[in-house]
Amino acid sequence: MQIVIVGGGLVGASAAVAAVLAGHQVTLLERGAAPDADAANNDWDLRISSVHQTNVAWLEELGVWAQVEPTKLLSYDGLSVTTRDRQTLNFSAQEVAAERLGVMVENDALVRACWQVLRTRDSATLLPETEVKGYGLAQRAITLSDGQTLNYDLLIGADGANSAVAKAAGIGMRGWDYGMRCLLAIAEVEQPLPTATWEVFRAEGPYALLPLGQHLACLIDYRTEEEWRNAATAEVEQKLQATFTDVIGPYKLQKHASFPLRRQRALRYFDSRGVALIGDAAHSIHPLAGQGVNLGFTDVQVLFEQLAKEPLSAALTNYERQQVKVNQQMMRAMDAIHWGFRSEHFLPRAAVALGLGAVGQFKPLKQQIIKAAMGWK
């Protein structure tokens, strides 16, 4: 099968690797420069993902994980959540007899690894700095910015929340803005950090820490759109110091940036003219639990599982049926956490307290939640 993938980021590049290993001819289009065009930067980039254990195993099977720069990943074995009412629940990999819950990895390092694997495959064509200028979906052909025309059997849109592929196929979107921004900051920490991530909820929005090394962390702080959008560096530093210093001790801020939060889903995941959407092109989720890229990786796995056993039309139908359900459940869960943990009202906060208390007291339920967070079925 001739497959064209628009979008060479994490989900698109991993889909290209999966497609090649499944025996397809693949062309991967990326509007920006090739991720491996320049030498890797020794410093961590702000774009970081928490990849759960099941997807780590899948990336290992693809041959991608072995290519990731070892200094750009860190396994974590613990996770804790603290409510506005200071109720804390801790989760540990040891509770399910596992070595780790997942791995923090730099997005750029993982994308670079995917491209490096693809460069070893004759059935993969990589076209960086290339855009689609015209879509002929009825003819299953696209015209590129350099003038050439590509024919395909399957066109995969992995081009993000503002997917041009979705628009060309007439696939509408539904969603809303949360009115908040997520600020990310890389910090050098004096005191050694455990290999555990944590999140604390408060009225303004939650804050969290992702360990990147013994003395390196990603600090996360959610606040209103107005508060973070135009904040000067001095203001950012002051607010982060007030939030994190008492918890992690002295630290030095390296870099920071923020992005708005939006929930969005495609009304359809495929078009009968040989089009499929994956990752953020199909669903953008609240980043509270770091499940966005994991859902995208699962999209890829399910899509190619279906393509391996069904004709294209049936495969796309089955892919949509399965993944819409899974992704919608996760999106609703993130909404419940977002609103429930921040609520000013007694009933939602009481429900949260009762729920956490039940999880803490009932070991099988807690173990099931840990397994779900690891991607285990």
# chains A, B, ... in the order shown; residues from 1 in each chain; ligands from 1
>>> closest_atom_pairs(of="stretch 163-236 of chain A", to="stretch 128-133 of chain A", cutoff="12 Å", atoms="only C-alpha atoms", output="tab-separated table")
residue	atom	partner	partner_atom	distance
A:Ser163	CA	A:Val132	CA	11.7
A:Ala164	CA	A:Val132	CA	8.7
A:Val165	CA	A:Val132	CA	9.1
A:Ala168	CA	A:Val132	CA	10.6
>>> select_by_dssp(residues="stretch 37-233 of chain A", states="strand (DSSP E)", output="ChimeraX atom specification")
/A:48-52,73-76,78-82,88-92,102-106,124-128,132-136,141-144,149-151,154-157,173-189,196-200,207-213,216-224
>>> residues_around(residues="stretch 47-64 of chain A", least_positions_apart="2", cutoff="9 Å", atoms="only C-alpha atoms", output="JSON, numbers by chain")
{"A": [14, 17, 18, 21, 44, 45, 66, 67, 68, 100, 101, 102, 103, 104, 105, 106, 107, 108, 110, 113, 114, 115, 116, 117, 184, 210, 218, 289, 290, 291, 292, 293, 294, 297, 298, 301, 373, 374, 375, 376]}
>>> write_last_selection(atoms="C-alpha atoms", output="PDB file, in the first residue's frame")
ATOM      1  CA  SER A  14       6.098   6.833  14.643  1.00  0.00           C
ATOM      2  CA  VAL A  17       7.973   3.617  11.166  1.00  0.00           C
ATOM      3  CA  ALA A  18       5.019   1.342  11.930  1.00  0.00           C
ATOM      4  CA  LEU A  21       7.655  -2.296   9.272  1.00  0.00           C
ATOM      5  CA  TRP A  44      16.539  19.588  27.341  1.00  0.00           C
ATOM      6  CA  ASP A  45      13.868  21.232  25.214  1.00  0.00           C
ATOM      7  CA  ALA A  66      17.226   2.226  21.150  1.00  0.00           C
ATOM      8  CA  GLN A  67      18.005   5.304  19.028  1.00  0.00           C
ATOM      9  CA  VAL A  68      16.873   7.850  21.623  1.00  0.00           C
ATOM     10  CA  ARG A 100       8.667   1.840  36.353  1.00  0.00           C
ATOM     11  CA  LEU A 101       5.414   3.564  35.472  1.00  0.00           C
ATOM     12  CA  GLY A 102       6.821   5.162  32.347  1.00  0.00           C
ATOM     13  CA  VAL A 103       9.540   7.415  30.983  1.00  0.00           C
ATOM     14  CA  MET A 104       9.974  11.157  30.663  1.00  0.00           C
ATOM     15  CA  VAL A 105      11.440  11.812  27.230  1.00  0.00           C
ATOM     16  CA  GLU A 106      12.267  14.907  25.218  1.00  0.00           C
ATOM     17  CA  ASN A 107       9.975  15.126  22.194  1.00  0.00           C
ATOM     18  CA  ASP A 108      12.767  16.274  19.880  1.00  0.00           C
ATOM     19  CA  LEU A 110      12.158  10.835  20.202  1.00  0.00           C
ATOM     20  CA  ALA A 113      15.098   8.687  16.674  1.00  0.00           C
ATOM     21  CA  CYS A 114      12.073   7.936  14.458  1.00  0.00           C
ATOM     22  CA  TRP A 115      13.587   9.797  11.522  1.00  0.00           C
ATOM     23  CA  GLN A 116      16.919   8.037  11.992  1.00  0.00           C
ATOM     24  CA  VAL A 117      15.169   4.660  11.809  1.00  0.00           C
ATOM     25  CA  LEU A 184       6.594  24.894  31.339  1.00  0.00           C
ATOM     26  CA  LEU A 210       8.418  16.127  36.054  1.00  0.00           C
ATOM     27  CA  CYS A 218      10.400  20.409  34.335  1.00  0.00           C
ATOM     28  CA  ALA A 289      -2.229  13.489  33.033  1.00  0.00           C
ATOM     29  CA  GLY A 290       0.185  13.640  30.108  1.00  0.00           C
ATOM     30  CA  GLN A 291      -1.954  11.291  28.015  1.00  0.00           C
ATOM     31  CA  GLY A 292      -2.002  13.224  24.719  1.00  0.00           C
ATOM     32  CA  VAL A 293       0.938  11.558  23.006  1.00  0.00           C
ATOM     33  CA  ASN A 294       0.022   8.185  24.504  1.00  0.00           C
ATOM     34  CA  PHE A 297       0.608   6.313  19.796  1.00  0.00           C
ATOM     35  CA  THR A 298      -2.377   4.063  20.496  1.00  0.00           C
ATOM     36  CA  GLN A 301      -1.154   0.896  16.822  1.00  0.00           C
ATOM     37  CA  ALA A 373      -1.936   4.630  33.677  1.00  0.00           C
ATOM     38  CA  MET A 374       0.793   2.306  32.394  1.00  0.00           C
ATOM     39  CA  GLY A 375      -1.332   1.350  29.381  1.00  0.00           C
ATOM     40  CA  TRP A 376      -1.877  -2.189  30.611  1.00  0.00           C
TER      41      TRP A 376
END
>>> select_by_dssp(residues="stretch 88-216 of chain A", states="helix (DSSP H, G or I)", output="JSON, numbers by chain")
{"A": [93, 94, 95, 96, 107, 108, 109, 110, 111, 112, 113, 114, 115, 116, 117, 118, 137, 138, 139, 164, 165, 166, 167, 168]}
>>> residues_around(residues="A:Cys182", least_positions_apart="6", cutoff="12 Å", atoms="only C-alpha atoms", output="PyMOL selection string")
chain A and resi 46-47+204-208+219-229+256-262+286-288
>>> residues_around(residues="A:Ile186", least_positions_apart="6", cutoff="6 Å", atoms="only C-alpha atoms", output="PDB file with all heavy atoms, in the first residue's frame")
ATOM      1  N   ALA A 217      14.658  19.342  36.447  1.00  0.00           N
ATOM      2  CA  ALA A 217      13.221  19.106  36.466  1.00  0.00           C
ATOM      3  C   ALA A 217      12.504  20.012  35.484  1.00  0.00           C
ATOM      4  O   ALA A 217      12.992  21.079  35.116  1.00  0.00           O
ATOM      5  CB  ALA A 217      12.661  19.349  37.871  1.00  0.00           C
ATOM      6  N   CYS A 218      11.326  19.563  35.073  1.00  0.00           N
ATOM      7  CA  CYS A 218      10.400  20.409  34.335  1.00  0.00           C
ATOM      8  C   CYS A 218       9.323  20.831  35.328  1.00  0.00           C
ATOM      9  O   CYS A 218       8.633  19.977  35.900  1.00  0.00           O
ATOM     10  CB  CYS A 218       9.787  19.658  33.160  1.00  0.00           C
ATOM     11  SG  CYS A 218       8.559  20.628  32.252  1.00  0.00           S
ATOM     12  N   GLN A 254      16.217  27.773  33.749  1.00  0.00           N
ATOM     13  CA  GLN A 254      16.932  27.791  32.470  1.00  0.00           C
ATOM     14  C   GLN A 254      16.118  28.457  31.365  1.00  0.00           C
ATOM     15  O   GLN A 254      16.600  29.313  30.642  1.00  0.00           O
ATOM     16  CB  GLN A 254      17.278  26.360  32.045  1.00  0.00           C
ATOM     17  CG  GLN A 254      18.377  25.700  32.832  1.00  0.00           C
ATOM     18  CD  GLN A 254      18.770  24.363  32.223  1.00  0.00           C
ATOM     19  OE1 GLN A 254      18.106  23.843  31.321  1.00  0.00           O
ATOM     20  NE2 GLN A 254      19.845  23.792  32.719  1.00  0.00           N
ATOM     21  N   LYS A 255      14.869  28.022  31.217  1.00  0.00           N
ATOM     22  CA  LYS A 255      14.019  28.527  30.127  1.00  0.00           C
ATOM     23  C   LYS A 255      12.563  28.274  30.491  1.00  0.00           C
ATOM     24  O   LYS A 255      12.258  27.436  31.352  1.00  0.00           O
ATOM     25  CB  LYS A 255      14.366  27.838  28.809  1.00  0.00           C
ATOM     26  CG  LYS A 255      14.119  26.338  28.822  1.00  0.00           C
ATOM     27  CD  LYS A 255      14.544  25.660  27.534  1.00  0.00           C
ATOM     28  CE  LYS A 255      16.028  25.441  27.471  1.00  0.00           C
ATOM     29  NZ  LYS A 255      16.435  24.599  26.323  1.00  0.00           N
TER      30      LYS A 255
END
>>> closest_atom_pairs(of="stretch 265-303 of chain A", to="stretch 313-322 of chain A", cutoff="10 Å", atoms="only C-alpha atoms", output="Markdown table")
| residue | atom | partner | partner_atom | distance |
| --- | --- | --- | --- | --- |
| A:Arg268 | CA | A:Glu320 | CA | 7.5 |
| A:Tyr269 | CA | A:Glu320 | CA | 5.5 |
| A:Phe270 | CA | A:Leu316 | CA | 6.4 |
| A:Asp271 | CA | A:Leu316 | CA | 8.3 |
| A:Ser272 | CA | A:Ser313 | CA | 6.9 |
| A:Arg273 | CA | A:Ser313 | CA | 9.1 |
| A:Gly274 | CA | A:Ser313 | CA | 7.8 |
| A:Val275 | CA | A:Leu316 | CA | 8.5 |
| A:Ala276 | CA | A:Leu316 | CA | 7.1 |
| A:Leu277 | CA | A:Glu320 | CA | 9.2 |
| A:Ile278 | CA | A:Glu320 | CA | 9.9 |
| A:Ala282 | CA | A:Glu320 | CA | 9.9 |
| A:Asp299 | CA | A:Tyr319 | CA | 7.9 |
| A:Val300 | CA | A:Tyr319 | CA | 9.4 |
| A:Gln301 | CA | A:Tyr319 | CA | 9.7 |
| A:Val302 | CA | A:Tyr319 | CA | 6.2 |
| A:Leu303 | CA | A:Tyr319 | CA | 5.4 |
>>> write_last_selection(atoms="C-alpha atoms", output="compact mmCIF listing (two decimals), in the first residue's frame")
# COMPACT_ATOMS: atom_id res chain seq x y z
CA ARG A 268 -14.97 11.81 12.21
CA TYR A 269 -11.62 10.01 12.28
CA PHE A 270 -11.65 9.03 8.61
CA ASP A 271 -13.00 9.86 5.18
CA SER A 272 -14.09 7.25 2.66
CA ARG A 273 -11.68 8.74 0.11
CA GLY A 274 -8.77 7.07 1.88
CA VAL A 275 -8.10 9.57 4.67
CA ALA A 276 -7.41 8.88 8.35
CA LEU A 277 -6.68 11.27 11.23
CA ILE A 278 -4.39 10.39 14.13
CA ALA A 282 -8.19 13.71 15.71
CA ASP A 299 -4.14 5.51 17.44
CA VAL A 300 -1.19 4.38 15.34
CA GLN A 301 -1.15 0.90 16.82
CA VAL A 302 -4.88 0.34 16.37
CA LEU A 303 -4.90 1.74 12.83
>>> residues_around(residues="A:Ala158", least_positions_apart="5", cutoff="7 Å", atoms="only C-alpha atoms", output="short mmCIF file (atom, residue, chain, number, x, y, z; two decimals) with N, CA, C and O atoms, in the first residue's frame")
data_model
loop_
_atom_site.label_atom_id
_atom_site.label_comp_id
_atom_site.auth_asym_id
_atom_site.auth_seq_id
_atom_site.Cartn_x
_atom_site.Cartn_y
_atom_site.Cartn_z
N ILE A 5 1.91 10.37 4.78
CA ILE A 5 1.63 10.89 6.11
C ILE A 5 2.00 12.37 6.13
O ILE A 5 3.13 12.73 5.82
N VAL A 6 1.04 13.21 6.49
CA VAL A 6 1.28 14.64 6.58
C VAL A 6 1.52 14.99 8.05
O VAL A 6 0.62 14.86 8.88
N GLY A 7 2.74 15.41 8.36
CA GLY A 7 3.10 15.74 9.74
C GLY A 7 4.16 14.79 10.25
O GLY A 7 3.89 13.60 10.47
N VAL A 11 3.77 11.62 16.56
CA VAL A 11 2.79 10.63 16.13
C VAL A 11 2.95 10.29 14.66
O VAL A 11 2.92 9.12 14.26
N GLY A 12 3.16 11.31 13.82
CA GLY A 12 3.33 11.05 12.40
C GLY A 12 4.57 10.24 12.08
O GLY A 12 4.53 9.30 11.28
N LEU A 277 -7.27 10.29 10.31
CA LEU A 277 -6.68 11.27 11.23
C LEU A 277 -6.15 10.54 12.46
O LEU A 277 -6.81 9.64 13.00
N ILE A 278 -4.97 10.97 12.94
CA ILE A 278 -4.39 10.39 14.13
C ILE A 278 -3.83 11.50 15.03
O ILE A 278 -3.56 12.60 14.57
N GLY A 279 -3.64 11.19 16.29
CA GLY A 279 -3.04 12.14 17.21
C GLY A 279 -3.88 13.39 17.37
O GLY A 279 -5.12 13.36 17.36
N ALA A 281 -4.57 15.68 15.42
CA ALA A 281 -5.47 15.97 14.30
C ALA A 281 -6.85 15.39 14.56
O ALA A 281 -7.85 15.90 14.03
#
>>> closest_atom_pairs(of="stretch 41-111 of chain A", to="stretch 194-197 of chain A", cutoff="8 Å", atoms="only C-alpha atoms", output="JSON lines")
{"residue": "A:Leu74", "atom": "CA", "partner": "A:Thr195", "partner_atom": "CA", "distance": 7.9}
{"residue": "A:Ser75", "atom": "CA", "partner": "A:Thr195", "partner_atom": "CA", "distance": 7.0}
{"residue": "A:Tyr76", "atom": "CA", "partner": "A:Thr195", "partner_atom": "CA", "distance": 4.7}
{"residue": "A:Asp77", "atom": "CA", "partner": "A:Ala196", "partner_atom": "CA", "distance": 5.7}
{"residue": "A:Gly78", "atom": "CA", "partner": "A:Ala196", "partner_atom": "CA", "distance": 4.2}
{"residue": "A:Leu79", "atom": "CA", "partner": "A:Thr197", "partner_atom": "CA", "distance": 4.9}
{"residue": "A:Ser80", "atom": "CA", "partner": "A:Thr197", "partner_atom": "CA", "distance": 6.7}
>>> write_last_selection(atoms="all heavy atoms", output="CSV table (one decimal), in the first residue's frame")
chain,number,residue,atom,x,y,z
A,74,LEU,N,14.2,9.7,31.2
A,74,LEU,CA,14.4,9.3,32.6
A,74,LEU,C,13.2,8.5,33.0
A,74,LEU,O,12.0,9.0,32.9
A,74,LEU,CB,14.5,10.6,33.5
A,74,LEU,CG,14.7,10.2,35.0
A,74,LEU,CD1,16.1,9.8,35.3
A,74,LEU,CD2,14.3,11.4,35.9
A,75,SER,N,13.4,7.3,33.5
A,75,SER,CA,12.3,6.5,34.0
A,75,SER,C,11.8,7.0,35.3
A,75,SER,O,12.6,7.5,36.1
A,75,SER,CB,12.8,5.0,34.2
A,75,SER,OG,13.2,4.5,32.9
A,76,TYR,N,10.5,6.9,35.5
A,76,TYR,CA,10.0,7.3,36.8
A,76,TYR,C,9.1,6.2,37.4
A,76,TYR,O,8.5,5.4,36.6
A,76,TYR,CB,9.1,8.6,36.7
A,76,TYR,CG,7.9,8.5,35.9
A,76,TYR,CD1,6.7,8.2,36.4
A,76,TYR,CD2,8.0,8.7,34.5
A,76,TYR,CE1,5.5,8.2,35.7
A,76,TYR,CE2,6.8,8.6,33.7
A,76,TYR,CZ,5.6,8.3,34.3
A,76,TYR,OH,4.5,8.3,33.5
A,77,ASP,N,9.2,6.0,38.7
A,77,ASP,CA,8.5,4.9,39.3
A,77,ASP,C,7.4,5.3,40.3
A,77,ASP,O,6.8,4.4,41.0
A,77,ASP,CB,9.5,4.0,40.0
A,77,ASP,CG,10.4,4.7,41.0
A,77,ASP,OD1,10.1,5.8,41.4
A,77,ASP,OD2,11.5,4.2,41.3
A,78,GLY,N,7.2,6.6,40.5
A,78,GLY,CA,6.2,7.1,41.4
A,78,GLY,C,5.4,8.2,40.9
A,78,GLY,O,5.9,9.0,40.0
A,79,LEU,N,4.2,8.4,41.5
A,79,LEU,CA,3.3,9.5,41.1
A,79,LEU,C,2.5,9.8,42.3
A,79,LEU,O,2.0,8.9,43.0
A,79,LEU,CB,2.5,9.1,39.9
A,79,LEU,CG,1.5,10.0,39.3
A,79,LEU,CD1,1.2,9.7,37.8
A,79,LEU,CD2,0.1,10.0,40.0
A,80,SER,N,2.2,11.1,42.5
A,80,SER,CA,1.3,11.5,43.6
A,80,SER,C,0.5,12.6,43.2
A,80,SER,O,0.8,13.5,42.3
A,80,SER,CB,2.1,11.9,44.9
A,80,SER,OG,2.7,13.2,44.7
>>> closest_residue(among="A:Ala97, A:Ala16, A:Ala242, A:Ala166", to="A:Ala266", atoms="only C-alpha atoms")
A:Ala166
>>> atom_distance(atom1="atom CA of A:Glu235", atom2="atom CA of A:Met180")
17.1 Å
>>> decode(residues="stretch 268-289 of chain A", atoms="N, CA, C and O atoms", output="PDB file, in the first residue's frame")
ATOM      1  N   ARG A 268     -15.244  13.129  12.813  1.00  0.00           N
ATOM      2  CA  ARG A 268     -14.968  11.813  12.213  1.00  0.00           C
ATOM      3  C   ARG A 268     -13.466  11.582  12.230  1.00  0.00           C
ATOM      4  O   ARG A 268     -12.694  12.544  12.167  1.00  0.00           O
ATOM      5  N   TYR A 269     -13.044  10.342  12.298  1.00  0.00           N
ATOM      6  CA  TYR A 269     -11.618  10.012  12.279  1.00  0.00           C
ATOM      7  C   TYR A 269     -11.139   9.588  10.896  1.00  0.00           C
ATOM      8  O   TYR A 269      -9.939   9.386  10.697  1.00  0.00           O
ATOM      9  N   PHE A 270     -12.068   9.432   9.946  1.00  0.00           N
ATOM     10  CA  PHE A 270     -11.646   9.029   8.605  1.00  0.00           C
ATOM     11  C   PHE A 270     -12.619   9.553   7.567  1.00  0.00           C
ATOM     12  O   PHE A 270     -13.730   9.982   7.883  1.00  0.00           O
ATOM     13  N   ASP A 271     -12.175   9.514   6.327  1.00  0.00           N
ATOM     14  CA  ASP A 271     -13.003   9.861   5.185  1.00  0.00           C
ATOM     15  C   ASP A 271     -12.929   8.709   4.196  1.00  0.00           C
ATOM     16  O   ASP A 271     -11.864   8.090   4.028  1.00  0.00           O
ATOM     17  N   SER A 272     -14.019   8.407   3.553  1.00  0.00           N
ATOM     18  CA  SER A 272     -14.088   7.246   2.662  1.00  0.00           C
ATOM     19  C   SER A 272     -13.172   7.351   1.458  1.00  0.00           C
ATOM     20  O   SER A 272     -12.951   6.368   0.746  1.00  0.00           O
ATOM     21  N   ARG A 273     -12.610   8.559   1.229  1.00  0.00           N
ATOM     22  CA  ARG A 273     -11.684   8.744   0.106  1.00  0.00           C
ATOM     23  C   ARG A 273     -10.246   8.424   0.512  1.00  0.00           C
ATOM     24  O   ARG A 273      -9.289   8.953  -0.054  1.00  0.00           O
ATOM     25  N   GLY A 274     -10.095   7.540   1.500  1.00  0.00           N
ATOM     26  CA  GLY A 274      -8.767   7.074   1.885  1.00  0.00           C
ATOM     27  C   GLY A 274      -8.016   8.013   2.798  1.00  0.00           C
ATOM     28  O   GLY A 274      -6.798   8.169   2.651  1.00  0.00           O
ATOM     29  N   VAL A 275      -8.715   8.618   3.750  1.00  0.00           N
ATOM     30  CA  VAL A 275      -8.100   9.569   4.673  1.00  0.00           C
ATOM     31  C   VAL A 275      -8.328   9.109   6.104  1.00  0.00           C
ATOM     32  O   VAL A 275      -9.433   8.681   6.462  1.00  0.00           O
ATOM     33  N   ALA A 276      -7.287   9.185   6.933  1.00  0.00           N
ATOM     34  CA  ALA A 276      -7.410   8.878   8.353  1.00  0.00           C
ATOM     35  C   ALA A 276      -6.711   9.969   9.162  1.00  0.00           C
ATOM     36  O   ALA A 276      -5.685  10.507   8.742  1.00  0.00           O
ATOM     37  N   LEU A 277      -7.274  10.291  10.314  1.00  0.00           N
ATOM     38  CA  LEU A 277      -6.676  11.267  11.233  1.00  0.00           C
ATOM     39  C   LEU A 277      -6.154  10.545  12.463  1.00  0.00           C
ATOM     40  O   LEU A 277      -6.810   9.642  12.996  1.00  0.00           O
ATOM     41  N   ILE A 278      -4.972  10.971  12.936  1.00  0.00           N
ATOM     42  CA  ILE A 278      -4.393  10.389  14.135  1.00  0.00           C
ATOM     43  C   ILE A 278      -3.831  11.499  15.027  1.00  0.00           C
ATOM     44  O   ILE A 278      -3.562  12.604  14.569  1.00  0.00           O
ATOM     45  N   GLY A 279      -3.645  11.186  16.292  1.00  0.00           N
ATOM     46  CA  GLY A 279      -3.039  12.142  17.215  1.00  0.00           C
ATOM     47  C   GLY A 279      -3.880  13.393  17.373  1.00  0.00           C
ATOM     48  O   GLY A 279      -5.118  13.356  17.364  1.00  0.00           O
ATOM     49  N   ASP A 280      -3.210  14.541  17.518  1.00  0.00           N
ATOM     50  CA  ASP A 280      -3.907  15.807  17.751  1.00  0.00           C
ATOM     51  C   ASP A 280      -4.801  16.217  16.591  1.00  0.00           C
ATOM     52  O   ASP A 280      -5.702  17.043  16.765  1.00  0.00           O
ATOM     53  N   ALA A 281      -4.570  15.680  15.424  1.00  0.00           N
ATOM     54  CA  ALA A 281      -5.465  15.971  14.299  1.00  0.00           C
ATOM     55  C   ALA A 281      -6.855  15.391  14.556  1.00  0.00           C
ATOM     56  O   ALA A 281      -7.854  15.899  14.035  1.00  0.00           O
ATOM     57  N   ALA A 282      -6.910  14.345  15.374  1.00  0.00           N
ATOM     58  CA  ALA A 282      -8.191  13.713  15.712  1.00  0.00           C
ATOM     59  C   ALA A 282      -8.712  14.146  17.070  1.00  0.00           C
ATOM     60  O   ALA A 282      -9.919  14.182  17.298  1.00  0.00           O
ATOM     61  N   HIS A 283      -7.802  14.472  17.991  1.00  0.00           N
ATOM     62  CA  HIS A 283      -8.229  14.787  19.365  1.00  0.00           C
ATOM     63  C   HIS A 283      -7.128  15.546  20.096  1.00  0.00           C
ATOM     64  O   HIS A 283      -5.989  15.121  20.145  1.00  0.00           O
ATOM     65  N   SER A 284      -7.485  16.679  20.675  1.00  0.00           N
ATOM     66  CA  SER A 284      -6.582  17.431  21.545  1.00  0.00           C
ATOM     67  C   SER A 284      -7.146  17.354  22.951  1.00  0.00           C
ATOM     68  O   SER A 284      -8.319  17.675  23.172  1.00  0.00           O
ATOM     69  N   ILE A 285      -6.325  16.964  23.903  1.00  0.00           N
ATOM     70  CA  ILE A 285      -6.800  16.669  25.247  1.00  0.00           C
ATOM     71  C   ILE A 285      -6.100  17.550  26.268  1.00  0.00           C
ATOM     72  O   ILE A 285      -4.984  18.026  26.035  1.00  0.00           O
ATOM     73  N   HIS A 286      -6.756  17.785  27.390  1.00  0.00           N
ATOM     74  CA  HIS A 286      -6.137  18.515  28.491  1.00  0.00           C
ATOM     75  C   HIS A 286      -4.875  17.763  28.920  1.00  0.00           C
ATOM     76  O   HIS A 286      -4.896  16.548  29.095  1.00  0.00           O
ATOM     77  N   PRO A 287      -3.744  18.467  29.092  1.00  0.00           N
ATOM     78  CA  PRO A 287      -2.476  17.779  29.383  1.00  0.00           C
ATOM     79  C   PRO A 287      -2.279  17.365  30.834  1.00  0.00           C
ATOM     80  O   PRO A 287      -1.190  16.934  31.209  1.00  0.00           O
ATOM     81  N   LEU A 288      -3.323  17.462  31.672  1.00  0.00           N
ATOM     82  CA  LEU A 288      -3.194  17.172  33.103  1.00  0.00           C
ATOM     83  C   LEU A 288      -2.449  15.878  33.402  1.00  0.00           C
ATOM     84  O   LEU A 288      -1.558  15.845  34.244  1.00  0.00           O
ATOM     85  N   ALA A 289      -2.820  14.793  32.735  1.00  0.00           N
ATOM     86  CA  ALA A 289      -2.229  13.489  33.033  1.00  0.00           C
ATOM     87  C   ALA A 289      -1.200  13.058  31.995  1.00  0.00           C
ATOM     88  O   ALA A 289      -0.750  11.914  32.010  1.00  0.00           O
TER      89      ALA A 289
END
